[in-house]
file my_file14.tsv (TSV, C-alpha atoms and all ligand atoms)
chain	number	residue	atom	x	y	z
A	1	MET	CA	0.00	0.00	0.00
A	2	SER	CA	1.17	3.53	-0.81
A	3	ASP	CA	2.47	5.61	2.08
A	4	ALA	CA	1.65	8.89	0.31
A	5	PRO	CA	0.36	11.61	2.66
A	6	ILE	CA	-3.36	12.03	3.21
A	7	ILE	CA	-5.86	14.76	2.34
A	8	LEU	CA	-9.34	14.53	3.86
A	9	VAL	CA	-12.34	15.47	1.71
A	10	GLY	CA	-14.80	17.24	4.05
A	11	ALA	CA	-14.04	19.21	7.20
A	12	GLY	CA	-17.02	18.63	9.49
A	13	GLY	CA	-17.76	16.37	12.45
A	14	HIS	CA	-16.76	13.08	10.85
A	15	ALA	CA	-13.48	14.64	9.71
A	16	ARG	CA	-12.54	15.41	13.33
A	17	VAL	CA	-13.05	11.77	14.34
A	18	LEU	CA	-10.97	10.64	11.37
A	19	LEU	CA	-8.16	13.10	12.14
A	20	ASP	CA	-7.83	11.64	15.62
A	21	ALA	CA	-7.79	8.09	14.30
A	22	LEU	CA	-5.20	8.94	11.64
A	23	ALA	CA	-2.95	10.70	14.17
A	24	LEU	CA	-3.15	7.77	16.58
A	25	ALA	CA	-2.35	5.39	13.72
A	26	GLY	CA	0.74	7.46	12.85
A	27	GLN	CA	-0.49	8.53	9.40
A	28	ARG	CA	0.81	11.74	7.81
A	29	VAL	CA	-1.98	14.22	6.98
A	30	LEU	CA	-1.37	17.20	4.66
A	31	GLY	CA	-4.71	18.91	5.28
A	32	LEU	CA	-8.41	18.93	4.47
A	33	VAL	CA	-10.55	20.30	1.62
A	34	ASP	CA	-14.16	21.46	1.99
A	35	VAL	CA	-16.67	22.91	-0.48
A	36	ASP	CA	-17.72	25.38	2.21
A	37	VAL	CA	-15.19	28.07	1.33
A	38	ALA	CA	-15.75	29.72	4.69
A	39	ARG	CA	-13.75	26.85	6.16
A	40	GLY	CA	-10.74	27.61	3.91
A	41	GLY	CA	-7.63	28.73	5.75
A	42	ARG	CA	-8.97	27.53	9.05
A	43	GLU	CA	-7.71	24.67	11.14
A	44	LEU	CA	-9.46	21.58	12.37
A	45	LEU	CA	-7.77	19.98	15.40
A	46	GLY	CA	-4.60	21.80	14.35
A	47	VAL	CA	-4.73	20.56	10.73
A	48	ARG	CA	-5.11	23.12	7.95
A	49	VAL	CA	-8.19	23.41	5.70
A	50	LEU	CA	-6.42	23.92	2.36
A	51	GLY	CA	-9.44	25.29	0.44
A	52	ASP	CA	-12.17	23.71	-1.71
A	53	ASP	CA	-11.95	20.65	-3.96
A	54	ASP	CA	-10.10	22.61	-6.68
A	55	VAL	CA	-7.03	22.49	-4.40
A	56	LEU	CA	-6.70	18.83	-5.35
A	57	ARG	CA	-5.87	19.83	-8.94
A	58	GLY	CA	-2.47	20.76	-7.52
A	59	TYR	CA	-1.78	17.17	-6.42
A	60	GLU	CA	-1.15	14.28	-8.82
A	61	PRO	CA	-3.37	11.30	-7.92
A	62	SER	CA	-0.27	9.20	-7.18
A	63	ALA	CA	1.18	11.86	-4.82
A	64	VAL	CA	-1.58	11.73	-2.22
A	65	ARG	CA	-4.18	9.40	-0.74
A	66	LEU	CA	-7.67	10.73	0.02
A	67	VAL	CA	-9.84	9.96	3.02
A	68	ASN	CA	-13.58	10.41	2.56
A	69	ALA	CA	-14.68	12.61	5.46
A	70	ILE	CA	-18.28	12.99	4.30
A	71	GLY	CA	-20.37	11.11	6.87
A	72	SER	CA	-24.11	10.57	6.82
A	73	VAL	CA	-27.17	10.78	8.96
A	74	ARG	CA	-29.51	8.72	6.77
A	75	SER	CA	-28.41	8.82	3.13
A	76	MET	CA	-25.04	7.75	1.77
A	77	GLN	CA	-25.55	9.53	-1.58
A	78	GLU	CA	-23.26	12.51	-0.98
A	79	ARG	CA	-20.48	10.33	0.42
A	80	LYS	CA	-20.71	7.95	-2.56
A	81	ARG	CA	-20.78	10.86	-5.03
A	82	VAL	CA	-17.54	12.22	-3.56
A	83	TYR	CA	-15.94	8.76	-3.65
A	84	ASP	CA	-16.98	8.09	-7.27
A	85	THR	CA	-15.93	11.56	-8.44
A	86	PHE	CA	-12.38	11.30	-7.16
A	87	VAL	CA	-11.87	7.64	-8.07
A	88	GLY	CA	-13.01	8.69	-11.57
A	89	ARG	CA	-10.17	11.26	-11.59
A	90	GLY	CA	-7.63	8.58	-10.66
A	91	TYR	CA	-7.30	9.20	-6.90
A	92	SER	CA	-7.34	6.40	-4.34
A	93	PHE	CA	-8.96	6.37	-0.91
A	94	ALA	CA	-7.02	5.10	2.10
A	95	SER	CA	-8.76	2.98	4.70
A	96	VAL	CA	-8.67	4.21	8.30
A	97	LEU	CA	-8.18	1.71	11.12
A	98	HIS	CA	-8.33	3.20	14.61
A	99	PRO	CA	-5.67	1.48	16.76
A	100	ALA	CA	-8.28	0.90	19.48
A	101	ALA	CA	-10.43	-1.25	17.18
A	102	THR	CA	-10.18	-5.04	17.55
A	103	LEU	CA	-9.89	-6.77	14.19
A	104	SER	CA	-9.76	-10.53	13.74
A	105	PRO	CA	-6.86	-11.53	11.52
A	106	HIS	CA	-9.57	-13.31	9.53
A	107	ALA	CA	-11.64	-10.18	8.89
A	108	VAL	CA	-11.28	-8.31	5.59
A	109	VAL	CA	-11.50	-4.53	5.21
A	110	ALA	CA	-11.82	-3.09	1.68
A	111	PRO	CA	-10.00	0.07	0.53
A	112	GLY	CA	-11.48	3.32	1.77
A	113	ALA	CA	-13.36	1.68	4.67
A	114	GLN	CA	-13.16	3.36	8.08
A	115	ILE	CA	-13.09	1.34	11.29
A	116	MET	CA	-13.42	3.61	14.30
A	117	ALA	CA	-12.51	3.34	18.00
A	118	GLY	CA	-13.94	0.44	19.98
A	119	VAL	CA	-15.19	-1.52	16.98
A	120	VAL	CA	-14.94	-5.31	17.11
A	121	LEU	CA	-14.72	-7.25	13.82
A	122	GLN	CA	-14.88	-11.00	14.28
A	123	ALA	CA	-13.52	-13.82	12.10
A	124	GLY	CA	-14.87	-13.93	8.58
A	125	ALA	CA	-16.35	-10.42	8.69
A	126	ALA	CA	-15.97	-8.48	5.42
A	127	ILE	CA	-16.34	-4.71	5.21
A	128	GLY	CA	-16.93	-3.13	1.79
A	129	LEU	CA	-15.41	-0.17	-0.06
A	130	ASP	CA	-15.84	3.25	1.57
A	131	THR	CA	-17.99	1.85	4.42
A	132	ILE	CA	-17.94	3.44	7.88
A	133	VAL	CA	-18.07	1.16	10.94
A	134	ASN	CA	-18.52	3.79	13.58
A	135	THR	CA	-17.57	4.03	17.25
A	136	GLY	CA	-18.17	0.92	19.34
A	137	ALA	CA	-20.08	-1.12	16.74
A	138	THR	CA	-19.65	-4.89	16.90
A	139	ILE	CA	-19.69	-6.98	13.72
A	140	ASP	CA	-19.76	-10.67	14.49
A	141	HIS	CA	-18.44	-13.64	12.57
A	142	ASP	CA	-19.08	-13.97	8.84
A	143	CYS	CA	-21.02	-10.70	8.47
A	144	ARG	CA	-20.87	-9.25	4.95
A	145	ILE	CA	-21.20	-5.46	4.75
A	146	GLY	CA	-21.43	-3.87	1.29
A	147	ALA	CA	-19.94	-0.65	-0.13
A	148	HIS	CA	-20.76	2.90	1.09
A	149	VAL	CA	-22.63	1.61	4.17
A	150	HIS	CA	-22.76	3.48	7.47
A	151	VAL	CA	-22.89	1.24	10.54
A	152	ALA	CA	-23.53	3.93	13.15
A	153	PRO	CA	-22.15	4.01	16.71
A	154	GLY	CA	-23.11	1.19	19.04
A	155	VAL	CA	-24.71	-1.10	16.44
A	156	THR	CA	-24.68	-4.85	17.15
A	157	LEU	CA	-24.66	-7.20	14.16
A	158	SER	CA	-24.84	-10.85	15.23
A	159	GLY	CA	-23.16	-13.61	13.20
A	160	ASP	CA	-23.70	-14.05	9.45
A	161	VAL	CA	-25.66	-10.81	8.88
A	162	GLN	CA	-25.56	-9.19	5.42
A	163	VAL	CA	-26.00	-5.46	4.74
A	164	GLY	CA	-26.34	-4.26	1.14
A	165	ASP	CA	-24.63	-1.28	-0.52
A	166	GLU	CA	-25.45	2.28	0.63
A	167	SER	CA	-27.56	1.23	3.62
A	168	HIS	CA	-27.57	3.11	6.90
A	169	VAL	CA	-27.82	1.14	10.16
A	170	GLY	CA	-28.76	3.68	12.82
A	171	ALA	CA	-27.15	4.14	16.21
A	172	GLY	CA	-27.69	1.33	18.67
A	173	ALA	CA	-29.63	-0.93	16.28
A	174	THR	CA	-29.40	-4.68	16.90
A	175	VAL	CA	-29.65	-7.29	14.12
A	176	ILE	CA	-30.05	-10.96	15.01
A	177	GLN	CA	-28.01	-13.69	13.35
A	178	GLY	CA	-28.46	-14.57	9.70
A	179	VAL	CA	-30.62	-11.56	8.74
A	180	ARG	CA	-30.24	-10.13	5.18
A	181	ILE	CA	-30.60	-6.35	4.87
A	182	GLY	CA	-30.81	-5.13	1.29
A	183	ALA	CA	-29.25	-2.16	-0.51
A	184	ARG	CA	-30.16	1.48	0.30
A	185	CYS	CA	-32.11	0.50	3.45
A	186	LEU	CA	-32.55	2.74	6.47
A	187	ILE	CA	-32.55	0.91	9.81
A	188	ALA	CA	-33.73	3.40	12.43
A	189	ALA	CA	-31.71	4.03	15.56
A	190	GLY	CA	-32.45	1.47	18.26
A	191	ALA	CA	-34.34	-0.91	15.94
A	192	VAL	CA	-34.21	-4.62	16.68
A	193	VAL	CA	-34.17	-6.40	13.32
A	194	VAL	CA	-35.31	-10.03	13.44
A	195	ARG	CA	-36.39	-10.52	9.78
A	196	ASP	CA	-34.86	-9.84	6.37
A	197	VAL	CA	-35.27	-6.29	4.98
A	198	ALA	CA	-35.79	-5.83	1.21
A	199	ASP	CA	-33.87	-3.27	-0.87
A	200	GLY	CA	-34.79	0.36	-0.24
A	201	LYS	CA	-36.95	-0.25	2.85
A	202	THR	CA	-37.00	1.71	6.11
A	203	VAL	CA	-37.62	-0.24	9.31
A	204	ALA	CA	-37.91	0.88	12.93
A	205	GLY	CA	-38.96	-0.41	16.34
A	206	LEU	CA	-38.80	-3.60	18.38
A	207	PRO	CA	-39.23	-5.88	16.55
A	208	ALA	CA	-38.44	-3.68	13.54
A	209	THR	CA	-41.31	-3.19	11.09
A	210	GLU	CA	-41.52	-1.28	7.79
A	211	LYS	CA	-42.09	2.49	7.82
A	212	TRP	CA	-42.61	5.03	5.05
A	213	ARG	CA	-39.56	7.16	4.36
B	301	LIG	O1	-18.24	17.48	-2.28
B	301	LIG	C1	-17.75	17.85	-1.20
B	301	LIG	C2	-18.53	18.07	-0.03
B	301	LIG	N1	-19.86	17.94	0.25
B	301	LIG	C3	-20.01	18.32	1.55
B	301	LIG	N2	-16.42	18.09	-1.10
B	301	LIG	C4	-15.84	18.56	0.05
B	301	LIG	N3	-14.54	18.77	0.06
B	301	LIG	N4	-16.55	18.79	1.17
B	301	LIG	C5	-17.88	18.55	1.13
B	301	LIG	N5	-18.83	18.68	2.08
B	301	LIG	C6	-18.53	19.16	3.44
B	301	LIG	O2	-18.57	18.06	4.32
B	301	LIG	C7	-19.54	20.15	4.00
B	301	LIG	O3	-19.29	21.47	3.54
B	301	LIG	C8	-19.28	20.01	5.51
B	301	LIG	O4	-18.30	20.90	5.99
B	301	LIG	C9	-18.75	18.56	5.64
B	301	LIG	C10	-19.74	17.65	6.36
B	301	LIG	O5	-19.70	18.01	7.72
B	301	LIG	P1	-20.91	17.77	8.75
B	301	LIG	O6	-20.39	18.09	10.10
B	301	LIG	O7	-22.11	18.49	8.24
B	301	LIG	O8	-21.28	16.24	8.63
B	301	LIG	P2	-20.34	14.97	8.67
B	301	LIG	O9	-20.58	14.29	7.38
B	301	LIG	O10	-18.97	15.30	9.04
B	301	LIG	O11	-20.93	14.12	9.88
B	301	LIG	C11	-22.14	13.40	9.79
B	301	LIG	O12	-21.86	12.01	9.68
B	301	LIG	C12	-21.09	11.47	10.76
B	301	LIG	C13	-20.80	10.02	10.47
B	301	LIG	C14	-22.87	13.74	11.08
B	301	LIG	O13	-24.12	13.21	11.08
B	301	LIG	C15	-22.13	13.17	12.28
B	301	LIG	O14	-22.89	13.35	13.46
B	301	LIG	C16	-21.83	11.68	12.08
B	301	LIG	N6	-21.06	11.18	13.21

call {"tool": "encode", "arguments": {"input": "my_file14.tsv", "output": "structure tokens"}}
result
Amino acid sequence: MSDAPIILVGAGGHARVLLDALALAGQRVLGLVDVDVARGGRELLGVRVLGDDDVLRGYEPSAVRLVNAIGSVRSMQERKRVYDTFVGRGYSFASVLHPAATLSPHAVVAPGAQIMAGVVLQAGAAIGLDTIVNTGATIDHDCRIGAHVHVAPGVTLSGDVQVGDESHVGAGATVIQGVRIGARCLIAAGAVVVRDVADGKTVAGLPATEKWR
């Protein structure tokens, strides 16, 4: 893997969590870019906001690695758009592994995925491209998480759960073993999911049932 220095795309709340993780992991960060020009020239946790996305035109794709600092509350569209845009221009996204996460040697983390503090990934777990596994989530054995997913803080996925691309699993949700969650689903915070969830559905409650978005 390249050891090129890192530029974060986005300079909001998620970026601050990532900056801490990168510093603790000993990664070299050049700065951040943000479309909100008002952030240009400022610092975030002592790291400079270099300007907007045009700043990246000054860096060859091979000279830097990007970190996607666009988070999500319920939709992963903006994060995925940023990822696809810069991959299309030849840039690569580094994965972020907080040193206080516990990763089985038999878990697999795809490029650009972000594994935050206190996460546990058990044997056979697979985390997809650009996916966030946020603070304190536990992903048990043989779970398969797709690309551009957000597993929010404190989620519990029991063994052999699947989550499709671009889904959002809200804070504190619990999913029992073997459940299949489709693509672009929204699992509400605190939901207890005991049955499969089809593509594009929103579920909430205990046990989780379908809601209108
Ligand atoms: O295309 C873009 C772009 N779109 C939005 N390029 C660049 N360089 N920056 C972009 N942004 C910027 O991302 C916005 O101008 C804003 O400064 C930043 C997003 O920050 P915000 O604090 O609004 O959200 P967040 O994505 O960092 O955090 C959300 O997701 C996290 C996972 C929040 O919901 C957090 O509470 C959550 N922990």

call {"tool": "axis_aligned_box", "arguments": {"input": "my_file14.tsv", "around": "region 154-164 of chain A", "padding_each_side": "5 Å", "output": "lines of an AutoDock Vina configuration file"}}
result
center_x = -24.7
center_y = -6.4
center_z = 10.1
size_x = 13.2
size_y = 25.2
size_z = 27.9

call {"tool": "closest_atom_pairs", "arguments": {"input": "my_file14.tsv", "of": "chain A", "to": "ligand LIG 301 (chain B)", "cutoff": "6 Å", "atoms": "only C-alpha atoms and all ligand atoms", "output": "CSV"}}
result
residue,atom,partner,partner_atom,distance
A:Val9,CA,B:LIG301,N3,4.3
A:Gly10,CA,B:LIG301,N4,3.7
A:Ala11,CA,B:LIG301,O4,4.7
A:Gly12,CA,B:LIG301,O5,3.3
A:Gly13,CA,B:LIG301,O10,3.8
A:His14,CA,B:LIG301,O10,3.6
A:Ala15,CA,B:LIG301,O10,5.6
A:Val33,CA,B:LIG301,N3,4.5
A:Asp34,CA,B:LIG301,N3,3.3
A:Val35,CA,B:LIG301,N4,4.4
A:Asp36,CA,B:LIG301,O3,4.4
A:Asp52,CA,B:LIG301,N3,5.8
A:Asp53,CA,B:LIG301,N3,5.1
A:Ile70,CA,B:LIG301,O9,4.1
A:Gly71,CA,B:LIG301,O9,3.2
A:Ser72,CA,B:LIG301,O12,3.9
A:Val73,CA,B:LIG301,O13,4.4
A:Val82,CA,B:LIG301,O1,5.5

call {"tool": "residues_around", "arguments": {"input": "my_file14.tsv", "residues": "Val17 (chain A)", "least_positions_apart": "4", "cutoff": "12 Å", "atoms": "only C-alpha atoms", "output": "PyMOL selection string"}}
result
chain A and resi 8+10-13+21-24+44-45+67-71+96-98+114-117+132+134-135

call {"tool": "residues_around", "arguments": {"input": "my_file14.tsv", "residues": "Val169 (chain A)", "least_positions_apart": "2", "cutoff": "12 Å", "atoms": "all atoms listed in the file", "output": "JSON, numbers by chain"}}
result
{"A": [72, 73, 74, 75, 76, 131, 132, 133, 134, 137, 145, 148, 149, 150, 151, 152, 153, 154, 155, 156, 157, 162, 163, 164, 165, 166, 167, 171, 172, 173, 174, 175, 181, 182, 183, 184, 185, 186, 187, 188, 189, 190, 191, 192, 193, 197, 201, 202, 203, 204]}

call {"tool": "closest_residue", "arguments": {"input": "my_file14.tsv", "among": "A:Val49, A:Ala125, A:Val119, A:Ala38", "to": "Arg16 (chain A)", "atoms": "only C-alpha atoms"}}
result
A:Val49

call {"tool": "residues_around", "arguments": {"input": "my_file14.tsv", "residues": "Gly159 (chain A)", "least_positions_apart": "4", "cutoff": "8 Å", "atoms": "all atoms listed in the file", "output": "number ranges by chain"}}
result
A: 139-143, 176-178

call {"tool": "write_last_selection", "arguments": {"input": "my_file14.tsv", "atoms": "C-alpha atoms", "output": "mmCIF file, keeping the file's coordinate frame"}}
result
data_model
loop_
_atom_site.group_PDB
_atom_site.id
_atom_site.type_symbol
_atom_site.label_atom_id
_atom_site.label_comp_id
_atom_site.auth_asym_id
_atom_site.auth_seq_id
_atom_site.Cartn_x
_atom_site.Cartn_y
_atom_site.Cartn_z
ATOM 1 C CA ILE A 139 -19.690 -6.980 13.720
ATOM 2 C CA ASP A 140 -19.760 -10.670 14.490
ATOM 3 C CA HIS A 141 -18.440 -13.640 12.570
ATOM 4 C CA ASP A 142 -19.080 -13.970 8.840
ATOM 5 C CA CYS A 143 -21.020 -10.700 8.470
ATOM 6 C CA ILE A 176 -30.050 -10.960 15.010
ATOM 7 C CA GLN A 177 -28.010 -13.690 13.350
ATOM 8 C CA GLY A 178 -28.460 -14.570 9.700
#

call {"tool": "atom_distance", "arguments": {"input": "my_file14.tsv", "atom1": "CA of Gly51 (chain A)", "atom2": "CA of Leu30 (chain A)"}}
result
12.2 Å

call {"tool": "atom_distance", "arguments": {"input": "my_file14.tsv", "atom1": "CA of Pro5 (chain A)", "atom2": "CA of Ser95 (chain A)"}}
result
12.7 Å

call {"tool": "atom_distance", "arguments": {"input": "my_file14.tsv", "atom1": "CA of Ala110 (chain A)", "atom2": "CA of Ala94 (chain A)"}}
result
9.5 Å

call {"tool": "closest_residue", "arguments": {"input": "my_file14.tsv", "among": "A:Leu18, A:Asp54, A:Ser2, A:Thr209", "to": "Pro111 (chain A)", "atoms": "only C-alpha atoms"}}
result
A:Ser2

call {"tool": "residues_near_point", "arguments": {"input": "my_file14.tsv", "point": "(-13.1, -11.9, 12.9)", "cutoff": "7 Å", "atoms": "only C-alpha atoms", "output": "JSON, numbers by chain"}}
result
{"A": [103, 104, 105, 106, 107, 121, 122, 123, 124, 125, 140, 141]}

call {"tool": "residues_near_point", "arguments": {"input": "my_file14.tsv", "point": "(-17.4, -4.0, 3.1)", "cutoff": "6 Å", "atoms": "all atoms listed in the file", "output": "list in words"}}
result
Ala110, Ala126, Ile127, Gly128, Leu129, Ile145, Gly146 and Ala147 of chain A

call {"tool": "residues_around", "arguments": {"input": "my_file14.tsv", "residues": "Tyr83 (chain A)", "least_positions_apart": "4", "cutoff": "9 Å", "atoms": "all atoms listed in the file", "output": "tab-separated table (two decimals) with C-alpha atoms, in the frame of the given file"}}
result
chain	number	residue	atom	x	y	z
A	68	ASN	CA	-13.58	10.41	2.56
A	78	GLU	CA	-23.26	12.51	-0.98
A	79	ARG	CA	-20.48	10.33	0.42
A	87	VAL	CA	-11.87	7.64	-8.07
A	88	GLY	CA	-13.01	8.69	-11.57
A	92	SER	CA	-7.34	6.40	-4.34
A	93	PHE	CA	-8.96	6.37	-0.91
A	112	GLY	CA	-11.48	3.32	1.77
A	130	ASP	CA	-15.84	3.25	1.57
A	148	HIS	CA	-20.76	2.90	1.09

call {"tool": "residues_around", "arguments": {"input": "my_file14.tsv", "residues": "Val47 (chain A)", "least_positions_apart": "6", "cutoff": "8 Å", "atoms": "all atoms listed in the file", "output": "PDB file with C-alpha atoms, keeping the file's coordinate frame"}}
result
ATOM      1  CA  VAL A  29      -1.980  14.220   6.980  1.00  0.00           C
ATOM      2  CA  LEU A  30      -1.370  17.200   4.660  1.00  0.00           C
ATOM      3  CA  GLY A  31      -4.710  18.910   5.280  1.00  0.00           C
ATOM      4  CA  LEU A  32      -8.410  18.930   4.470  1.00  0.00           C
TER       5      LEU A  32
END
